[in-house]
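Notes for the one structure printed next.
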Amino acid sequence: MKILVPVKRVIDANVKVRVKSDQSGVELANIKMAMNPFCEIAVEAALRMREAGQADEVIVVSAGVSQCHETLRTGLAMGADRAILIEDDQDLEPLVVAKLLKAVCEREEPGLVLLGKQAIDGDNNQTGQMLSALLGWSNATFASSIEVNDDHFKVTRELDSGLESVTANRPSVITVDLRLNEPRYASLPNIMKAKKKPMDKLTAADLGVDSSPRLQVVKVEEPPARQAGIKVSSAEELVDKLRNEAKVI
Amino acid sequence: MTKIIDRNNIDFLVFDVFKLRELLGRGRYADHDTESITSVLDLAEQIATNDLWPHLSKSDREEPVLKNGTVRIIDQAISALGVLRDAGFFSARFDTKLGGMQLPVVINNACNGMFKGANIGTMSYMGLTQAAAGLLNTYGTTDLKVRFMMPLLQGKFFGTMCLSEPNVGSSLGDIITKATPQSDGSYFVTGSKMWISGGDHNAAENIIHLVLARTPGSVNGVKGLSLFAVPKIKVNNDGSLGDNNGVSVAGLNHKMGYRGTSNCLLNFGEITDCQGHLVGELGKGLLAMFHMMNESRISVGIGGAMLANVAYRVALNYAKERKQGRKLDDKNSSNKPVAIIEHGDVRRMLMRQKALSEGAVALCLYSGMLVDLEILSADKIERQRYTDMLEVFTPIVKAWSTEFGVQANKLAIQVMGGYGYTRDFPVEQLYRDNRLNMIHEGTNGIQALDLLGRKLVMDEGRALKTFAAEIRADLASLNETTNLRPFIDKLTNILTNVEEWLTQVRSMLQSGEKSGVLTNAMPFLHAFGHLAVGWLWIKQSSIASNLLDKSSPRQSDSFLQGKITTCQYFFEYEIPEAEAWLKVVKTNPGAVLGMAEDSF
Ligand SMILES: Cc1cc2nc3c(=O)[nH]c(=O)nc-3n(C[C@H](O)[C@H](O)[C@H](O)COP(=O)(O)OP(=O)(O)OC[C@H]3O[C@@H](n4cnc5c(N)ncnc54)[C@H](O)[C@@H]3O)c2cc1C
């Protein structure tokens, strides 16, 4: 089985994100970028499947600006076998990415596409679901465990209400949640090996996809600053405030 | 959480100031490029932050314990060392054919610096192991390489350096540990070694001690010393572990800092025979040790620099948040208190920490670059130039970075007031940990003697000439559009002053007036270190101005502006001290040397 792992280049999770002064987006100049943490978990899951003999090839793919090749190298250094870069300078929306990935899936015919459940920049949580709909493949989201079987996957999903077990027929699109695993570090020898692993470069045009945006960003703002808290004198007062002032219960 | 590692600074120095890119893709570093080096630094930063820093305080509170003859350290340290091993850092700078990645020395040092900054007590087990493997790589027989070095590089065995004895520290020529030849070509080692870092622990399956000892009939002094590899557990020919080798732990030392690193009094051959294997030639033991010690001294300097830099970042963060008092010009007591970073004296303390700690980091990384340049240069004369530079830089890297690193650590506590003095914050521990760096690997006093009594005067002052020419040439090549002219002039004056005085020193030393001149070796080292660091500040400032004009893709304007202003601070507040020390240096030490012991 081939596993395709789409990975996204995002602002490093440790960086404090700032809104641009013209409110057109967030500041990206001089900002450290890294692989989306959920994507790292997806790469790790794929590598473990390969190490367990359940998969024979792990391909990482990323769509975006040319620097995405750094993110792909990180995936290769973790242990992926090869990489595909779909180079595009536009702001890629989830539907565009899903279409690009669909075209890659048609070329590569993987048995499984493993994605992060969302990226920490836009928090969209859409690409995996859209991809499965476009391909007509089964879909399981928020996986906290994945069992590989001959013709299907058994996936435990993390929901607010608890855990849900589902079966997804092969081929499938599965999105992963935080508790699935702890991603490994890329080791130094693997960082060196990664430089020699193949990386194909494609464009949206090669894949027959129009990548232009359909959504218009009106304005990006900082979330409102948190107000100072107050002390309540009793549990009754707390319940009263939650019910009547905050209106949350 | 404070970001403890200042990656911006490391990247700025390595890539922008020292132009590492020009070395990549060449010779030994043919397989490297900026991208792979960045990945290596990223990895090191992650391990420092996620695996080493979190147990810093625990490794201080729960010191190693000796039970039934063996030493145990905390689990978190053992697993962090496992992470370093699995990532391949034990062997990173070694040859590819040995399983390493031929990492440039400057990058290896930068990575080790991040590990030290995050937790020097845990990191030092790896540092010692890298050093032991390095020695065996240069001087070991094939058999020793296979049996001892390879497991060290793989992080399966750990290493130690056994020089000091209960009665022998700085004066290694007086070592009395004995090595007696056996019929099979090995030696029996008997004696005690004091202060042995990593002398015993449960973090590796075996320990290889590198022991300086004296063979029967050898001459007195350092020329009678030879080096021996002594395993804790004997290693069979097939690599499996054999019997215990008669190394016993007589006790643990209880230290001010660096508590995560076990520190032992070891007895060799006291109860059962202890077998050692000669490393290198008879009588050349100290020479081999010194070969390695230059590297170890640079490494100690990096510790001094990074512990200071991490403490600075903690204090800086605190100073931005802690509200106390009002501005001196604010007479209205109903105004809200300001963050302490607004107070002049606090700013001065922060600035000093920044100037000293980042200056020290620059000094250490520059020395790493010199090693790389030395490795890469095919031309004999060029290589000699780098060797000369290293001779001069090594004692200042070791002694200046630790002396002024510790001064910065002291100020980190001061900035945080009473809170800095408590164990709720890491700055008091960083201070205690860093304090050792002034002592081990040759005390700073010994470094000062080495600099003034040897390095700068030997071979008619050849190394000094190289140093001076290098600095003058570099200053002349800098961007003249910057406002650096007064600083360049000041630095050049000091350099000339130093050269003139050293000419006199040479003739005084030749006429046998050693102790008079060398009594003032330490203030001289301080001044000379300031000279070198002042040069590196000018370099940083000049590069920062260039990048500001070009709007660098990597560094923010505020970071670059910080470099320019700190250079200004260094010349206005720190360099005057160097000028004062240079006066002290010329003082006749009559008072110091003349006073009767009873009058002290
Ligand atoms: C925590 C710790 C870890 C250590 N780890 C190791 C280790 O792993 N392996 C190892 O072999 N050693 C180790 N050491 C030993 C260390 O290298 C010595 O402590 C150091 O070399 C100084 O020796 P000493 O303590 O005997 O001091 P001394 O040599 O007695 O020096 C005392 C003072 O006298 C000064 N002095 C001595 N001789 C002269 C001179 N000729 N001229 C001017 N001043 C002089 C010194 O500068 C110092 O200020 C460690 C020490 C410590 C504290």
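Chain lettering (A, B, ...) mirrors the order of the structure tokens, residue numbering begins at 1 for each chain separately, and ligand numbering begins at 1 in order of display.
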Within 9 Å of chain B, which residues of chain A are there when counting only C-alpha atoms? Please give them as a count of residues only.
18
Write out as a compact mmCIF listing (two decimals) with C-alpha atoms, in the first residue's frame the set of residues from range 161-223 of chain A that DSSP, computed on the backbone, places in helix (DSSP H, G or I).
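Once everything was written out, this is out02.txt:
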```txt
# COMPACT_ATOMS: atom_id res chain seq x y z
CA LEU A 178 -3.42 15.14 18.54
CA ARG A 179 -3.45 11.96 20.59
CA LEU A 180 -2.74 9.53 17.74
CA LEU A 188 20.90 13.67 11.75
CA PRO A 189 21.65 10.77 9.35
CA ASN A 190 18.11 11.03 8.03
CA ILE A 191 18.47 14.79 7.50
CA MET A 192 21.43 13.98 5.23
CA LYS A 193 19.62 11.12 3.48
CA ALA A 194 16.62 13.37 2.87
```
Surrounding residues of Ile249 in chain A excluding itself and chain neighbours under 4 positions, 12 Å, only C-alpha atoms, as a ChimeraX atom specification:
/A:238-245
For ligand 1, list the contacting residues at 9 Å or closer, counting only C-alpha atoms and all ligand atoms, as a PyMOL selection string.
chain B and resi 128+160-172+193-199+211-212+253-259+261-264+436-437+439-449+518-519
Would you save the residues of that selection, restricted to N, CA and C atoms, as a short mmCIF file (atom, residue, chain, number, x, y, z; two decimals), in the first residue's frame?
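Below you can see result_17.cif, which holds the result:
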```
data_model
loop_
_atom_site.label_atom_id
_atom_site.label_comp_id
_atom_site.auth_asym_id
_atom_site.auth_seq_id
_atom_site.Cartn_x
_atom_site.Cartn_y
_atom_site.Cartn_z
N LEU B 128 31.51 14.78 27.25
CA LEU B 128 32.67 13.97 27.64
C LEU B 128 32.85 12.79 26.71
N THR B 160 34.95 9.41 29.97
CA THR B 160 35.39 10.39 30.98
C THR B 160 36.83 10.80 30.69
N MET B 161 37.25 11.87 31.36
CA MET B 161 38.63 12.35 31.30
C MET B 161 39.18 12.33 32.71
N CYS B 162 40.21 11.51 32.93
CA CYS B 162 40.75 11.38 34.29
C CYS B 162 42.15 11.96 34.37
N LEU B 163 42.24 13.26 34.67
CA LEU B 163 43.53 13.91 34.85
C LEU B 163 43.79 14.15 36.33
N SER B 164 42.84 14.87 36.96
CA SER B 164 43.07 15.37 38.32
C SER B 164 43.17 14.23 39.34
N GLU B 165 43.93 14.51 40.38
CA GLU B 165 44.05 13.59 41.52
C GLU B 165 43.80 14.40 42.79
N PRO B 166 43.58 13.72 43.92
CA PRO B 166 43.29 14.48 45.14
C PRO B 166 44.33 15.57 45.41
N ASN B 167 45.60 15.30 45.10
CA ASN B 167 46.63 16.30 45.38
C ASN B 167 47.18 16.98 44.14
N VAL B 168 46.59 16.69 42.99
CA VAL B 168 47.10 17.28 41.75
C VAL B 168 45.96 17.84 40.92
N GLY B 169 45.96 19.16 40.74
CA GLY B 169 44.94 19.80 39.92
C GLY B 169 45.58 20.53 38.76
N SER B 170 45.99 21.77 39.01
CA SER B 170 46.58 22.58 37.94
C SER B 170 47.93 22.03 37.49
N SER B 171 48.67 21.44 38.41
CA SER B 171 50.03 21.04 38.09
C SER B 171 50.09 19.56 37.73
N LEU B 172 49.73 19.26 36.49
CA LEU B 172 49.54 17.86 36.10
C LEU B 172 50.84 17.06 36.10
N LYS B 193 41.78 8.98 41.13
CA LYS B 193 41.49 10.17 40.32
C LYS B 193 40.32 10.92 40.96
N MET B 194 40.52 12.23 41.11
CA MET B 194 39.55 13.07 41.81
C MET B 194 38.76 13.90 40.80
N TRP B 195 37.54 14.24 41.16
CA TRP B 195 36.71 15.18 40.39
C TRP B 195 36.22 14.61 39.07
N ILE B 196 36.11 13.30 38.93
CA ILE B 196 35.85 12.77 37.60
C ILE B 196 34.37 12.92 37.22
N SER B 197 34.13 13.81 36.29
CA SER B 197 32.76 14.07 35.82
C SER B 197 32.27 12.87 35.04
N GLY B 198 31.07 12.42 35.36
CA GLY B 198 30.51 11.24 34.69
C GLY B 198 31.28 9.99 35.05
N GLY B 199 32.01 10.02 36.19
CA GLY B 199 32.87 8.90 36.60
C GLY B 199 32.10 7.62 36.80
N VAL B 211 42.73 7.86 31.12
CA VAL B 211 43.46 8.11 32.37
C VAL B 211 44.91 8.51 32.09
N LEU B 212 45.33 9.62 32.68
CA LEU B 212 46.75 9.98 32.61
C LEU B 212 47.48 9.29 33.75
N ASN B 253 31.32 13.79 44.93
CA ASN B 253 31.51 15.16 45.41
C ASN B 253 30.18 15.91 45.37
N HIS B 254 29.94 16.73 46.37
CA HIS B 254 28.68 17.47 46.44
C HIS B 254 28.95 18.91 46.09
N LYS B 255 28.46 19.30 44.94
CA LYS B 255 28.92 20.54 44.33
C LYS B 255 27.92 21.69 44.44
N MET B 256 28.43 22.89 44.18
CA MET B 256 27.61 24.10 44.16
C MET B 256 26.61 24.04 42.99
N GLY B 257 27.05 23.60 41.85
CA GLY B 257 26.18 23.52 40.67
C GLY B 257 26.55 22.33 39.83
N TYR B 258 26.11 22.31 38.58
CA TYR B 258 26.41 21.18 37.69
C TYR B 258 26.02 19.88 38.36
N ARG B 259 24.96 19.93 39.17
CA ARG B 259 24.70 18.78 40.03
C ARG B 259 24.20 17.58 39.27
N THR B 261 25.51 16.31 36.75
CA THR B 261 26.66 15.50 36.35
C THR B 261 27.27 14.86 37.58
N SER B 262 27.30 13.53 37.62
CA SER B 262 27.92 12.87 38.78
C SER B 262 29.40 13.22 38.80
N ASN B 263 29.95 13.39 39.97
CA ASN B 263 31.36 13.75 40.06
C ASN B 263 32.01 12.88 41.12
N CYS B 264 32.98 12.08 40.69
CA CYS B 264 33.43 10.97 41.54
C CYS B 264 34.91 11.02 41.88
N LEU B 436 31.23 26.80 37.71
CA LEU B 436 32.27 25.78 37.51
C LEU B 436 33.13 26.10 36.29
N ASN B 437 32.49 26.69 35.28
CA ASN B 437 33.21 26.86 34.02
C ASN B 437 34.46 27.72 34.15
N ILE B 439 36.48 27.21 36.53
CA ILE B 439 37.44 26.38 37.26
C ILE B 439 37.97 25.19 36.45
N HIS B 440 37.05 24.42 35.85
CA HIS B 440 37.57 23.18 35.24
C HIS B 440 38.17 23.43 33.85
N GLU B 441 38.79 22.38 33.31
CA GLU B 441 39.54 22.46 32.04
C GLU B 441 40.66 23.50 32.11
N GLY B 442 41.32 23.55 33.24
CA GLY B 442 42.35 24.56 33.43
C GLY B 442 41.69 25.81 33.98
N THR B 443 42.01 26.19 35.22
CA THR B 443 41.37 27.36 35.83
C THR B 443 41.62 28.59 34.94
N ASN B 444 40.80 29.61 35.15
CA ASN B 444 41.00 30.83 34.35
C ASN B 444 42.38 31.44 34.61
N GLY B 445 42.86 31.27 35.83
CA GLY B 445 44.21 31.75 36.15
C GLY B 445 45.25 31.07 35.25
N ILE B 446 45.08 29.77 35.08
CA ILE B 446 46.03 29.02 34.23
C ILE B 446 45.88 29.47 32.77
N GLN B 447 44.66 29.77 32.35
CA GLN B 447 44.45 30.26 30.97
C GLN B 447 45.18 31.58 30.75
N ALA B 448 45.13 32.45 31.77
CA ALA B 448 45.77 33.75 31.64
C ALA B 448 47.28 33.58 31.50
N LEU B 449 47.84 32.64 32.27
CA LEU B 449 49.28 32.36 32.16
C LEU B 449 49.60 31.83 30.76
N LEU B 518 53.90 38.06 35.01
CA LEU B 518 52.75 37.16 34.91
C LEU B 518 51.78 37.28 36.08
N THR B 519 52.17 37.98 37.13
CA THR B 519 51.22 38.23 38.22
C THR B 519 50.01 38.99 37.69
#
```
If you run DSSP on the backbone, which residues of range 23-160 of chain A are strand (DSSP E or B), as number ranges by chain?
A: 26, 33-35, 57-64, 82-87, 112-116, 138-148, 152-159
Surrounding residues of Lys219 in chain A excluding itself and chain neighbours under 3 positions, 12 Å, only C-alpha atoms, as a list in words
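Counting only C-alpha atoms, the residues come to Val19, Lys20, Ser21, Asp22, Gln23, Ser24, Gly25, Val26, Gln216 and Glu222 of chain A.
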Just want the 7 Å neighbourhood of Glu358 in chain B, counted on only C-alpha atoms, with same-chain residues fewer than 4 positions away dropped. Output as a list of chain:residue names.
B:Asn309, B:Lys354, B:Ala362
For the selection just defined, write its residues with N, CA and C atoms to a file, as a compact mmCIF listing (two decimals), in the first residue's frame.
```txt
# COMPACT_ATOMS: atom_id res chain seq x y z
N ASN B 309 23.58 33.57 28.43
CA ASN B 309 22.60 34.05 27.47
C ASN B 309 21.18 33.58 27.83
N LYS B 354 23.41 41.46 27.78
CA LYS B 354 23.32 41.21 26.34
C LYS B 354 24.70 41.35 25.70
N ALA B 362 29.50 35.00 20.32
CA ALA B 362 30.20 35.33 19.08
C ALA B 362 31.65 34.84 19.13
```
Tell me, in Å to one decimal, how far CA of Arg472 in chain B is from CA of Leu509 in chain B.
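Computing the Euclidean distance for CA of Arg472 in chain B and CA of Leu509 in chain B yields 26.7 Å.
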Spatial neighbours of Lys154 in chain A, max dist 8 Å, only C-alpha atoms, sep filter under 5 positions, as a ChimeraX atom specification
/A:146-149,165-168
For the selection you just gave me, I'd like the residues written to a file as a PDB file, in the first residue's frame, keeping C-alpha atoms.
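Resulting contents of again23.pdb:
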```pdb
ATOM      1  CA  ILE A 146      -6.019   3.547  13.233  1.00  0.00           C
ATOM      2  CA  GLU A 147      -6.009  -0.188  12.667  1.00  0.00           C
ATOM      3  CA  VAL A 148      -4.975  -1.352   9.206  1.00  0.00           C
ATOM      4  CA  ASN A 149      -6.829  -4.332   7.725  1.00  0.00           C
ATOM      5  CA  SER A 165     -15.308   3.596  16.343  1.00  0.00           C
ATOM      6  CA  VAL A 166     -15.870   3.493  12.602  1.00  0.00           C
ATOM      7  CA  THR A 167     -14.830   1.303   9.696  1.00  0.00           C
ATOM      8  CA  ALA A 168     -13.575   2.960   6.514  1.00  0.00           C
TER       9      ALA A 168
END
```
Just the number, please: distance in Å from CA of Gly461 in chain B to CA of Thr503 in chain B, one decimal.
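A separation of 8.2 Å between them.
The gap separating CA of Val517 in chain B from CA of Val498 in chain B is 13.9 Å, in Å to one decimal.
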Name the residues in contact with Gly534 in chain B at a cut-off of 9 Å, using only C-alpha atoms, excluding same-chain residues fewer than 5 positions from it; report them as an MDAnalysis selection string.
chainID B and resid 359 487 491 529 539 567 570:571 574:575
Between A:Asn181, A:Ser211, A:Gln126, A:Ser132, which has the minimum distance to Asp89 in chain A (counting only C-alpha atoms)?
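Closest to Asp89 in chain A, using only C-alpha atoms: A:Ser211.
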